[in-house]
$ cat start_22.txt   # compact mmCIF, C-alpha atoms and all ligand atoms
# COMPACT_ATOMS: atom_id res chain seq x y z
CA MET I 1085 -76.44 65.46 -55.89
CA PRO I 1086 -75.60 64.17 -59.41
CA LEU I 1087 -74.52 60.56 -59.86
CA CYS I 1088 -72.04 59.64 -62.60
CA SER I 1089 -70.83 56.06 -62.97
CA ALA I 1090 -68.47 57.12 -65.84
CA LEU I 1091 -66.37 58.92 -63.21
CA ALA I 1092 -64.88 55.56 -62.28
CA GLN I 1093 -62.89 55.75 -65.58
CA LYS I 1094 -61.47 59.22 -64.96
CA PRO I 1095 -57.74 59.24 -64.10
CA GLN I 1096 -57.15 59.66 -60.41
CA ALA I 1097 -55.02 62.40 -58.94
CA SER I 1098 -51.35 61.86 -59.65
CA LYS I 1099 -48.92 61.61 -56.81
CA PRO I 1100 -46.54 64.61 -56.78
CA GLU I 1101 -43.55 62.52 -57.83
CA VAL I 1102 -45.16 61.42 -61.12
CA TYR I 1103 -45.85 65.02 -62.13
CA GLY I 1104 -44.00 65.41 -65.45
CA LYS I 1105 -44.15 67.09 -68.84
CA ASP I 1106 -45.61 64.36 -71.04
CA GLY I 1107 -49.32 64.14 -70.89
CA PRO I 1108 -52.56 64.51 -72.80
CA PHE I 1109 -52.36 68.32 -72.89
CA SER I 1110 -49.20 68.44 -75.00
CA PRO I 1111 -49.14 67.97 -78.79
CA PRO I 1112 -50.03 65.97 -80.77
CA TYR I 1113 -53.58 66.85 -79.72
CA VAL I 1114 -56.41 64.37 -80.18
CA SER I 1115 -58.33 65.78 -83.15
CA GLY I 1116 -61.76 65.04 -81.70
CA LEU I 1117 -60.89 67.01 -78.54
CA TYR I 1118 -58.93 69.91 -80.07
CA VAL I 1119 -61.07 73.06 -80.50
CA ASP I 1120 -58.88 76.09 -81.14
CA GLU I 1121 -55.97 78.23 -79.97
CA LEU I 1122 -55.90 81.74 -78.55
CA GLU I 1123 -53.40 84.30 -77.38
CA GLU I 1124 -53.74 86.65 -74.41
CA GLY I 1125 -51.09 89.19 -73.43
CA GLY I 1126 -48.32 87.17 -75.10
CA GLU I 1127 -49.38 83.82 -73.57
CA GLU I 1128 -50.60 81.14 -75.97
CA TYR I 1129 -53.33 78.66 -75.08
CA VAL I 1130 -55.08 75.66 -76.57
CA ILE I 1131 -58.76 74.89 -76.00
CA LEU I 1132 -59.53 71.19 -75.61
CA MET I 1133 -62.78 69.40 -74.89
CA ASN I 1134 -62.69 67.33 -71.72
CA LYS I 1135 -62.25 63.63 -72.52
CA TYR I 1136 -64.01 62.56 -69.32
CA CYS I 1137 -66.67 65.24 -69.14
CA VAL I 1138 -69.49 64.75 -66.68
CA VAL I 1139 -71.66 67.26 -68.53
CA PRO I 1140 -71.48 68.15 -72.24
CA ASN I 1141 -69.31 71.15 -73.23
CA HIS I 1142 -67.00 70.95 -70.24
CA PHE I 1143 -63.80 72.29 -71.81
CA LEU I 1144 -60.21 73.10 -70.85
CA LEU I 1145 -57.91 76.06 -71.50
CA VAL I 1146 -54.38 74.68 -71.56
CA THR I 1147 -51.12 76.63 -71.80
CA LYS I 1148 -49.52 75.85 -75.15
CA GLU I 1149 -46.09 75.71 -73.59
CA PHE I 1150 -45.79 73.34 -70.62
CA LYS I 1151 -46.41 75.20 -67.34
CA ARG I 1152 -46.95 73.47 -64.04
CA GLN I 1153 -50.38 73.05 -62.51
CA THR I 1154 -48.75 74.13 -59.25
CA SER I 1155 -48.20 77.64 -60.63
CA PRO I 1156 -50.57 80.45 -59.71
CA LEU I 1157 -52.96 81.96 -62.22
CA THR I 1158 -51.48 84.89 -64.13
CA PRO I 1159 -53.30 88.07 -65.23
CA GLN I 1160 -53.25 86.56 -68.76
CA ASP I 1161 -54.90 83.32 -67.52
CA LEU I 1162 -57.61 85.29 -65.73
CA ALA I 1163 -58.19 87.62 -68.69
CA ALA I 1164 -58.43 84.70 -71.13
CA ALA I 1165 -60.89 82.97 -68.79
CA TYR I 1166 -63.07 86.05 -68.35
CA LYS I 1167 -63.10 86.73 -72.10
CA LEU I 1168 -64.05 83.10 -72.89
CA MET I 1169 -66.87 83.24 -70.36
CA SER I 1170 -68.03 86.56 -71.84
CA ALA I 1171 -67.98 85.08 -75.36
CA GLY I 1172 -70.20 82.25 -74.09
CA ARG I 1173 -72.54 84.68 -72.38
CA ARG I 1174 -72.97 86.72 -75.55
CA GLN I 1175 -74.29 83.51 -77.13
CA GLY I 1176 -76.61 82.78 -74.22
CA LYS I 1177 -74.33 80.09 -72.70
CA ASN I 1178 -73.22 80.42 -69.10
CA PHE I 1179 -69.93 78.97 -67.92
CA PHE I 1180 -67.88 79.30 -64.79
CA MET I 1181 -64.16 78.62 -64.53
CA PHE I 1182 -62.38 76.48 -61.98
CA TYR I 1183 -58.71 75.81 -61.37
CA ASN I 1184 -57.34 73.02 -59.21
CA CYS I 1185 -53.86 74.12 -58.19
CA GLY I 1186 -51.46 71.51 -56.81
CA PRO I 1187 -51.91 67.78 -56.16
CA LEU I 1188 -53.79 68.31 -52.87
CA SER I 1189 -56.41 70.40 -54.71
CA GLY I 1190 -57.83 67.35 -56.46
CA SER I 1191 -55.98 67.95 -59.73
CA SER I 1192 -54.84 64.97 -61.79
CA GLN I 1193 -52.86 66.49 -64.67
CA PRO I 1194 -49.50 68.28 -64.25
CA HIS I 1195 -49.85 70.58 -67.28
CA LYS I 1196 -51.48 73.93 -66.45
CA HIS I 1197 -55.16 73.87 -67.36
CA LEU I 1198 -58.19 75.96 -66.42
CA GLN I 1199 -61.57 74.25 -66.71
CA PHE I 1200 -64.92 75.65 -67.83
CA MET I 1201 -68.17 74.07 -66.80
CA PRO I 1202 -71.45 75.00 -68.48
CA LEU I 1203 -74.44 75.85 -66.33
CA VAL I 1204 -77.68 74.57 -67.68
CA GLU I 1205 -80.35 76.53 -65.86
CA GLU I 1206 -78.67 78.79 -63.33
CA ASN I 1207 -76.10 81.36 -64.37
CA ALA I 1208 -73.76 80.45 -61.53
CA PRO I 1209 -72.81 77.41 -59.40
CA PRO I 1210 -74.61 76.81 -56.06
CA ILE I 1211 -71.91 78.49 -53.91
CA GLU I 1212 -72.83 81.73 -55.64
CA ARG I 1213 -76.27 81.69 -54.04
CA LEU I 1214 -74.46 82.12 -50.74
CA ALA I 1215 -71.85 84.58 -52.01
CA ARG I 1216 -74.43 86.83 -53.66
CA ARG I 1217 -76.47 87.07 -50.48
CA GLN I 1218 -73.59 88.50 -48.47
CA ARG I 1219 -74.16 92.17 -47.77
CA LEU I 1220 -70.73 93.76 -47.87
CA GLU I 1221 -69.90 96.73 -45.70
CA VAL I 1222 -67.19 97.85 -48.13
CA ASP I 1223 -66.59 97.15 -51.79
CA GLY I 1224 -63.21 96.07 -53.12
CA LYS I 1225 -62.29 93.95 -50.10
CA ALA I 1226 -62.20 90.17 -49.74
CA PHE I 1227 -64.85 88.56 -47.57
CA VAL I 1228 -65.76 85.18 -46.11
CA ILE I 1229 -69.08 83.42 -45.60
CA SER I 1230 -69.19 82.87 -41.87
CA GLN I 1231 -71.25 79.66 -41.97
CA LEU I 1232 -68.78 77.80 -44.16
CA PRO I 1233 -66.55 75.69 -41.91
CA TYR I 1234 -63.35 75.91 -43.95
CA ALA I 1235 -60.91 78.67 -44.94
CA HIS I 1236 -61.88 80.52 -48.11
CA HIS I 1237 -61.65 84.05 -49.46
CA ILE I 1238 -63.99 85.69 -51.93
CA PHE I 1239 -63.79 88.92 -53.89
CA ARG I 1240 -66.86 90.55 -55.42
CA LEU I 1241 -66.29 91.68 -59.02
CA PRO I 1242 -67.92 94.69 -60.69
CA ALA I 1243 -71.28 93.78 -62.21
CA TYR I 1244 -71.01 92.34 -65.73
CA GLN I 1245 -70.51 95.10 -68.31
CA SER I 1246 -70.77 97.85 -65.66
CA ARG I 1247 -67.21 98.95 -66.43
CA PRO I 1248 -64.86 98.81 -69.42
CA LEU I 1249 -63.44 95.30 -69.92
CA GLU I 1250 -59.83 96.35 -69.38
CA GLU I 1251 -60.76 97.85 -66.01
CA VAL I 1252 -62.52 94.64 -64.94
CA LEU I 1253 -59.53 92.54 -66.01
CA ASP I 1254 -57.24 94.76 -63.97
CA ILE I 1255 -59.50 94.40 -60.91
CA LEU I 1256 -59.58 90.64 -61.47
CA ALA I 1257 -55.78 90.38 -61.55
CA GLN I 1258 -55.47 92.50 -58.37
CA ALA I 1259 -58.23 90.52 -56.68
CA PHE I 1260 -56.39 87.25 -57.29
CA ILE I 1261 -53.23 88.66 -55.69
CA SER I 1262 -55.15 89.83 -52.64
CA LEU I 1263 -56.86 86.42 -52.30
CA MET I 1264 -53.48 84.68 -52.59
CA ASP I 1265 -52.13 86.95 -49.84
CA LEU I 1266 -55.00 85.85 -47.61
CA THR I 1267 -54.42 82.23 -48.57
CA PHE I 1268 -50.82 82.54 -47.37
CA GLN I 1269 -52.09 84.08 -44.14
CA THR I 1270 -54.24 80.98 -43.68
CA LEU I 1271 -51.18 78.78 -44.26
CA ARG I 1272 -49.02 80.83 -41.89
CA GLN I 1273 -51.32 80.18 -38.94
CA LEU I 1274 -51.07 76.37 -39.31
CA PRO I 1275 -48.87 74.54 -36.82
CA VAL I 1276 -47.84 72.08 -39.57
CA LEU I 1277 -48.05 72.84 -43.30
CA PRO I 1278 -49.70 70.33 -45.66
CA ASP I 1279 -47.26 68.28 -47.77
CA GLY I 1280 -46.00 69.64 -51.07
CA PRO I 1281 -46.57 72.96 -52.79
CA PRO I 1282 -49.45 75.19 -51.63
CA ALA I 1283 -52.71 73.74 -52.94
CA TYR I 1284 -55.95 75.61 -53.50
CA ASN I 1285 -59.03 75.72 -55.67
CA VAL I 1286 -60.14 78.78 -57.63
CA LEU I 1287 -63.67 79.51 -58.82
CA LEU I 1288 -64.50 82.37 -61.18
CA THR I 1289 -67.99 83.56 -62.04
CA PHE I 1290 -69.10 86.93 -63.38
CA ASP I 1291 -69.81 88.00 -59.80
CA HIS I 1292 -67.03 86.57 -57.65
CA LEU I 1293 -63.55 85.16 -57.54
CA HIS I 1294 -63.10 82.49 -54.83
CA VAL I 1295 -59.89 80.90 -53.51
CA ILE I 1296 -60.09 77.90 -51.18
CA PRO I 1297 -56.83 76.58 -49.67
CA ARG I 1298 -56.58 72.82 -49.36
CA GLY I 1299 -55.17 70.49 -46.73
CA SER I 1300 -55.85 67.18 -48.48
CA ALA I 1301 -57.08 65.83 -51.80
CA GLU I 1302 -59.53 63.29 -50.37
CA HIS I 1303 -61.80 62.81 -47.41
CA GLN I 1304 -62.22 59.36 -45.90
CA LEU I 1305 -65.85 58.76 -45.00
CA SER I 1306 -66.33 57.62 -41.42
CA ARG I 1307 -68.49 54.72 -42.63
CA GLY I 1308 -67.63 52.54 -45.59
CA LYS I 1309 -63.89 53.36 -45.67
CA VAL I 1310 -64.40 55.18 -48.99
CA ASP I 1311 -62.08 58.01 -49.98
CA ILE I 1312 -63.99 60.85 -51.60
CA PRO I 1313 -61.78 62.94 -53.92
CA VAL I 1314 -62.76 66.62 -53.89
CA ASN I 1315 -61.75 69.31 -56.37
CA ALA I 1316 -63.04 72.83 -57.03
CA LEU I 1317 -66.40 71.47 -58.12
CA GLY I 1318 -67.05 70.24 -54.58
CA PHE I 1319 -66.43 73.77 -53.28
CA ALA I 1320 -68.69 75.14 -56.02
CA GLY I 1321 -71.44 73.06 -54.39
CA MET I 1322 -71.39 70.39 -57.09
CA MET I 1323 -70.31 67.09 -55.55
CA ILE I 1324 -70.56 64.21 -57.98
CA THR I 1325 -70.65 60.58 -56.87
CA LYS I 1326 -69.86 57.34 -58.68
CA SER I 1327 -72.61 55.11 -57.28
CA GLU I 1328 -75.88 55.14 -55.32
CA GLU I 1329 -74.02 53.67 -52.34
CA GLU I 1330 -71.39 56.43 -52.39
CA LYS I 1331 -74.14 59.02 -52.73
CA SER I 1332 -75.96 57.87 -49.60
CA LEU I 1333 -72.71 57.63 -47.63
CA LEU I 1334 -71.82 61.14 -48.71
CA ILE I 1335 -75.19 62.54 -47.69
CA GLU I 1336 -74.91 60.74 -44.34
CA GLU I 1337 -71.46 62.28 -43.73
CA ARG I 1338 -72.79 65.74 -44.77
CA PRO I 1339 -71.13 67.56 -47.68
CA LEU I 1340 -70.01 70.53 -45.53
CA GLU I 1341 -68.16 68.14 -43.22
CA ILE I 1342 -66.42 66.61 -46.22
CA LEU I 1343 -65.38 70.06 -47.44
CA ARG I 1344 -64.13 70.91 -43.95
CA GLY I 1345 -62.13 67.67 -44.00
CA VAL I 1346 -60.28 68.52 -47.21
CA GLY I 1347 -59.98 72.26 -46.58
CA LEU I 1348 -58.04 74.15 -43.94
CA PRO I 1349 -59.23 75.78 -40.72
CA LYS I 1350 -60.25 79.43 -40.91
CA ALA I 1351 -57.93 81.96 -39.33
CA GLU I 1352 -59.16 83.63 -36.16
CA GLY I 1353 -61.63 86.42 -36.80
CA GLU I 1354 -62.54 85.16 -40.25
CA SER I 1355 -66.15 84.49 -39.35
CA CYS I 1356 -67.55 87.97 -39.62
CA SER I 1357 -66.22 90.07 -42.46
CA ALA I 1358 -69.57 90.18 -44.24
CA VAL I 1359 -73.04 90.83 -42.91
CA GLU I 1360 -75.05 87.80 -43.92
CA SER I 1361 -78.67 87.10 -44.15
CA SER I 1362 -79.80 83.63 -43.15
CA ILE I 1363 -78.23 81.89 -46.12
CA LEU I 1364 -77.89 78.25 -45.21
CA ASP I 1365 -81.64 77.83 -44.90
CA ASP I 1366 -82.06 77.18 -48.65
P1 LIG I 1401 -57.72 67.88 -63.00
O1 LIG I 1401 -58.16 66.52 -62.58
O2 LIG I 1401 -58.25 69.00 -62.21
O3 LIG I 1401 -56.23 67.95 -63.19
O4 LIG I 1401 -58.34 68.12 -64.44
C1 LIG I 1401 -57.96 67.35 -65.55
C2 LIG I 1401 -59.15 67.35 -66.46
O5 LIG I 1401 -58.73 66.85 -67.73
C3 LIG I 1401 -60.26 66.44 -65.96
O6 LIG I 1401 -61.48 67.13 -66.04
C4 LIG I 1401 -60.22 65.25 -66.90
O7 LIG I 1401 -61.50 64.73 -67.14
C5 LIG I 1401 -59.62 65.85 -68.15
N1 LIG I 1401 -58.81 64.92 -68.95
C6 LIG I 1401 -58.05 63.90 -68.51
N2 LIG I 1401 -57.40 63.31 -69.56
C7 LIG I 1401 -57.77 64.01 -70.66
C8 LIG I 1401 -57.44 63.92 -72.04
N3 LIG I 1401 -56.65 62.96 -72.51
N4 LIG I 1401 -57.99 64.82 -72.90
C9 LIG I 1401 -58.82 65.78 -72.45
N5 LIG I 1401 -59.19 65.91 -71.16
C10 LIG I 1401 -58.67 65.04 -70.28
$ encode --input "start_22.txt" --output "structure tokens"
Amino acid sequence: MPLCSALAQKPQASKPEVYGKDGPFSPPYVSGLYVDELEEGGEEYVILMNKYCVVPNHFLLVTKEFKRQTSPLTPQDLAAAYKLMSAGRRQGKNFFMFYNCGPLSGSSQPHKHLQFMPLVEENAPPIERLARRQRLEVDGKAFVISQLPYAHHIFRLPAYQSRPLEEVLDILAQAFISLMDLTFQTLRQLPVLPDGPPAYNVLLTFDHLHVIPRGSAEHQLSRGKVDIPVNALGFAGMMITKSEEEKSLLIEERPLEILRGVGLPKAEGESCSAVESSILDD
């Protein structure tokens, strides 16, 4: 579990009422952080380096025009993300994309931004080790990992470069809609909805698209009265702590329990849509 004392300087999640248009992702851009601009299907984006990166080359894809971070990903967002990841891969650099949607997802900035995290040795985040080991009975259908104790929905994408890019982008856009449908099914079964707009985390790798609905932004540890903020990186299997003390408290509480605490309960029957091997033994 990585430790990062610089995290203490990162802005904390905004409360919903302070969500507004002025922020660091609107012009004028900081020249040292500004990388480039791109256009995808009529939508314009700006690429910015992350000011508070935990690892080098963590960058952001920001809508040029102000859009809310509470809005769902569009086909253009997903296509731009997949193309950026592909461009990295062609140069031997592996990235995955994550999106923290809504204040309860662990997001801190109101302006729509997708984030890209480089992977140093592996070509996917730890959650992918579990997702890849699921044996699916049918292709083209969302699945869950039965051992994970929180609601989530995953779609397996066609293998990298196995199909024309436009076809993959179409599948990706449809997959996101089907995962959002399932996310709303998860919300519908709750006796009381979480506050505010629907919140969820999205993870995109070359193999899978994941959506994880959220019930709260932070988990209070049972010992130490520390609130642990969790965003998509936690659900990717990459929890980062600010101090040695926080790290041992987090291990004591057990990361899966923390994720359960900030996620939502699975709907009935969601434990067995894939045939798994014994995957939590790693
Ligand atoms: P989130 O917390 O999910 O909303 O993501 C916001 C991201 O933007 C975080 O990874 C921050 O480290 C990063 N960030 C915050 N302020 C700035 C800034 N002024 N310039 C660039 N990145 C920033």
$ closest_atom_pairs --input "start_22.txt" --of "chain I" --to "ligand LIG 1401 (chain I)" --cutoff "9 Å" --atoms "all atoms listed in the file" --output "Markdown table"
| residue | atom | partner | partner_atom | distance |
| --- | --- | --- | --- | --- |
| I:Leu1091 | CA | I:LIG1401 | O7 | 8.5 |
| I:Lys1094 | CA | I:LIG1401 | O7 | 5.9 |
| I:Pro1095 | CA | I:LIG1401 | C6 | 6.4 |
| I:Gln1096 | CA | I:LIG1401 | O1 | 7.3 |
| I:Ala1097 | CA | I:LIG1401 | O1 | 6.3 |
| I:Ser1098 | CA | I:LIG1401 | O3 | 8.6 |
| I:Gly1107 | CA | I:LIG1401 | N3 | 7.6 |
| I:Pro1108 | CA | I:LIG1401 | N3 | 4.4 |
| I:Phe1109 | CA | I:LIG1401 | N4 | 6.6 |
| I:Tyr1113 | CA | I:LIG1401 | N4 | 8.4 |
| I:Val1114 | CA | I:LIG1401 | N4 | 7.5 |
| I:Leu1117 | CA | I:LIG1401 | C9 | 6.5 |
| I:Tyr1118 | CA | I:LIG1401 | C9 | 8.7 |
| I:Leu1132 | CA | I:LIG1401 | C9 | 6.3 |
| I:Met1133 | CA | I:LIG1401 | C9 | 5.9 |
| I:Asn1134 | CA | I:LIG1401 | N5 | 3.8 |
| I:Lys1135 | CA | I:LIG1401 | C9 | 4.0 |
| I:Tyr1136 | CA | I:LIG1401 | O7 | 4.0 |
| I:Cys1137 | CA | I:LIG1401 | O7 | 5.6 |
| I:Val1138 | CA | I:LIG1401 | O7 | 8.0 |
| I:His1142 | CA | I:LIG1401 | O6 | 7.9 |
| I:Phe1143 | CA | I:LIG1401 | N5 | 7.9 |
| I:Leu1144 | CA | I:LIG1401 | O5 | 7.1 |
| I:Gln1153 | CA | I:LIG1401 | O3 | 7.8 |
| I:Phe1182 | CA | I:LIG1401 | O2 | 8.5 |
| I:Tyr1183 | CA | I:LIG1401 | O2 | 6.9 |
| I:Asn1184 | CA | I:LIG1401 | O2 | 5.1 |
| I:Cys1185 | CA | I:LIG1401 | O2 | 7.9 |
| I:Gly1186 | CA | I:LIG1401 | O3 | 8.7 |
| I:Pro1187 | CA | I:LIG1401 | O3 | 8.3 |
| I:Ser1189 | CA | I:LIG1401 | O2 | 7.8 |
| I:Gly1190 | CA | I:LIG1401 | O2 | 6.0 |
| I:Ser1191 | CA | I:LIG1401 | O3 | 3.5 |
| I:Ser1192 | CA | I:LIG1401 | O3 | 3.6 |
| I:Gln1193 | CA | I:LIG1401 | O3 | 4.0 |
| I:Pro1194 | CA | I:LIG1401 | O3 | 6.8 |
| I:His1195 | CA | I:LIG1401 | O3 | 8.0 |
| I:Lys1196 | CA | I:LIG1401 | O3 | 8.3 |
| I:His1197 | CA | I:LIG1401 | O4 | 7.2 |
| I:Leu1198 | CA | I:LIG1401 | O4 | 8.1 |
| I:Gln1199 | CA | I:LIG1401 | O6 | 7.2 |
| I:Asn1315 | CA | I:LIG1401 | O2 | 6.8 |
| I:Ala1316 | CA | I:LIG1401 | O2 | 8.0 |
$ residues_near_point --input "start_22.txt" --point "(-65.9, 82.7, -51.0)" --cutoff "8 Å" --atoms "all atoms listed in the file" --output "ChimeraX atom specification"
/I:1211,1215,1227-1229,1236-1239,1292-1296
$ closest_residue --input "start_22.txt" --among "I:Lys1225, I:Arg1217, I:Lys1350, I:Arg1174" --to "Leu1271 in chain I" --atoms "all atoms listed in the file"
I:Lys1350
$ atom_distance --input "start_22.txt" --atom1 "CA of Glu1302 in chain I" --atom2 "CA of Phe1150 in chain I"
26.5 Å
$ residues_around --input "start_22.txt" --residues "Leu1203 in chain I" --least-positions-apart "3" --cutoff "12 Å" --atoms "all atoms listed in the file" --output "list in words"
Val1139, Pro1140, Asn1141, His1142, Met1169, Gly1172, Arg1173, Gly1176, Lys1177, Asn1178, Phe1179, Phe1180, Met1181, Phe1200, Glu1206, Asn1207, Ala1208, Pro1209, Pro1210, Thr1289, Ala1320 and Met1322 of chain I
$ closest_atom_pairs --input "start_22.txt" --of "range 1147-1255 of chain I" --to "range 1324-1343 of chain I" --cutoff "8 Å" --atoms "all atoms listed in the file" --output "JSON lines"
{"residue": "I:Leu1232", "atom": "CA", "partner": "I:Leu1340", "partner_atom": "CA", "distance": 7.5}
{"residue": "I:Pro1233", "atom": "CA", "partner": "I:Leu1340", "partner_atom": "CA", "distance": 7.2}
{"residue": "I:Tyr1234", "atom": "CA", "partner": "I:Leu1343", "partner_atom": "CA", "distance": 7.1}
$ atom_distance --input "start_22.txt" --atom1 "CA of Thr1270 in chain I" --atom2 "CA of Val1346 in chain I"
14.3 Å
$ closest_residue --input "start_22.txt" --among "I:Leu1305, I:Met1323, I:Leu1266, I:Leu1256" --to "Thr1158 in chain I" --atoms "all atoms listed in the file"
I:Leu1256
$ closest_residue --input "start_22.txt" --among "I:Ser1170, I:Thr1147, I:Ser1306, I:Gln1273" --to "Glu1121 in chain I" --atoms "only C-alpha atoms"
I:Thr1147
$ atom_distance --input "start_22.txt" --atom1 "CA of Glu1205 in chain I" --atom2 "CA of Leu1122 in chain I"
28.0 Å
$ closest_residue --input "start_22.txt" --among "I:Leu1220, I:Val1310, I:Val1276, I:Ala1164" --to "Arg1240 in chain I" --atoms "only C-alpha atoms"
I:Leu1220
$ residues_around --input "start_22.txt" --residues "Glu1123 in chain I" --least-positions-apart "3" --cutoff "12 Å" --atoms "all atoms listed in the file" --output "list in words"
Asp1120, Gly1126, Glu1127, Glu1128, Tyr1129, Val1130, Ile1131, Leu1145, Val1146, Thr1147, Lys1148, Glu1149, Gln1160, Asp1161, Ala1163, Ala1164, Ala1165, Lys1167 and Leu1168 of chain I
$ write_last_selection --input "start_22.txt" --atoms "C-alpha atoms" --output "PDB file, in the frame of the given file"
ATOM      1  CA  ASP I1120     -58.880  76.090 -81.140  1.00  0.00           C
ATOM      2  CA  GLY I1126     -48.320  87.170 -75.100  1.00  0.00           C
ATOM      3  CA  GLU I1127     -49.380  83.820 -73.570  1.00  0.00           C
ATOM      4  CA  GLU I1128     -50.600  81.140 -75.970  1.00  0.00           C
ATOM      5  CA  TYR I1129     -53.330  78.660 -75.080  1.00  0.00           C
ATOM      6  CA  VAL I1130     -55.080  75.660 -76.570  1.00  0.00           C
ATOM      7  CA  ILE I1131     -58.760  74.890 -76.000  1.00  0.00           C
ATOM      8  CA  LEU I1145     -57.910  76.060 -71.500  1.00  0.00           C
ATOM      9  CA  VAL I1146     -54.380  74.680 -71.560  1.00  0.00           C
ATOM     10  CA  THR I1147     -51.120  76.630 -71.800  1.00  0.00           C
ATOM     11  CA  LYS I1148     -49.520  75.850 -75.150  1.00  0.00           C
ATOM     12  CA  GLU I1149     -46.090  75.710 -73.590  1.00  0.00           C
ATOM     13  CA  GLN I1160     -53.250  86.560 -68.760  1.00  0.00           C
ATOM     14  CA  ASP I1161     -54.900  83.320 -67.520  1.00  0.00           C
ATOM     15  CA  ALA I1163     -58.190  87.620 -68.690  1.00  0.00           C
ATOM     16  CA  ALA I1164     -58.430  84.700 -71.130  1.00  0.00           C
ATOM     17  CA  ALA I1165     -60.890  82.970 -68.790  1.00  0.00           C
ATOM     18  CA  LYS I1167     -63.100  86.730 -72.100  1.00  0.00           C
ATOM     19  CA  LEU I1168     -64.050  83.100 -72.890  1.00  0.00           C
TER      20      LEU I1168
END
$ decode --input "start_22.txt" --residues "range 1253-1267 of chain I" --atoms "N, CA and C atoms" --output "short mmCIF file (atom, residue, chain, number, x, y, z; two decimals), in the first residue's frame"
data_model
loop_
_atom_site.label_atom_id
_atom_site.label_comp_id
_atom_site.auth_asym_id
_atom_site.auth_seq_id
_atom_site.Cartn_x
_atom_site.Cartn_y
_atom_site.Cartn_z
N LEU I 1253 -15.05 1.52 -30.16
CA LEU I 1253 -15.58 2.73 -29.52
C LEU I 1253 -17.10 2.66 -29.40
N ASP I 1254 -17.73 2.04 -30.39
CA ASP I 1254 -19.17 1.88 -30.35
C ASP I 1254 -19.56 0.93 -29.20
N ILE I 1255 -18.81 -0.16 -29.09
CA ILE I 1255 -19.07 -1.13 -28.01
C ILE I 1255 -18.87 -0.45 -26.65
N LEU I 1256 -17.83 0.36 -26.57
CA LEU I 1256 -17.52 1.06 -25.32
C LEU I 1256 -18.68 1.99 -24.91
N ALA I 1257 -19.19 2.73 -25.89
CA ALA I 1257 -20.29 3.66 -25.58
C ALA I 1257 -21.54 2.88 -25.14
N GLN I 1258 -21.83 1.77 -25.82
CA GLN I 1258 -23.00 0.95 -25.44
C GLN I 1258 -22.78 0.31 -24.08
N ALA I 1259 -21.55 -0.12 -23.83
CA ALA I 1259 -21.24 -0.77 -22.56
C ALA I 1259 -21.47 0.20 -21.39
N PHE I 1260 -21.08 1.45 -21.59
CA PHE I 1260 -21.27 2.43 -20.51
C PHE I 1260 -22.76 2.60 -20.21
N ILE I 1261 -23.57 2.64 -21.25
CA ILE I 1261 -25.02 2.80 -21.05
C ILE I 1261 -25.57 1.59 -20.29
N SER I 1262 -25.11 0.39 -20.67
CA SER I 1262 -25.66 -0.79 -19.97
C SER I 1262 -25.18 -0.81 -18.51
N LEU I 1263 -23.96 -0.34 -18.24
CA LEU I 1263 -23.49 -0.32 -16.84
C LEU I 1263 -24.23 0.76 -16.04
N MET I 1264 -24.59 1.86 -16.71
CA MET I 1264 -25.35 2.89 -16.00
C MET I 1264 -26.76 2.38 -15.67
N ASP I 1265 -27.34 1.62 -16.59
CA ASP I 1265 -28.65 1.01 -16.34
C ASP I 1265 -28.60 0.15 -15.08
N LEU I 1266 -27.55 -0.65 -15.00
CA LEU I 1266 -27.39 -1.54 -13.84
C LEU I 1266 -27.13 -0.73 -12.56
N THR I 1267 -26.42 0.37 -12.72
CA THR I 1267 -26.16 1.24 -11.57
C THR I 1267 -27.49 1.79 -11.04
#
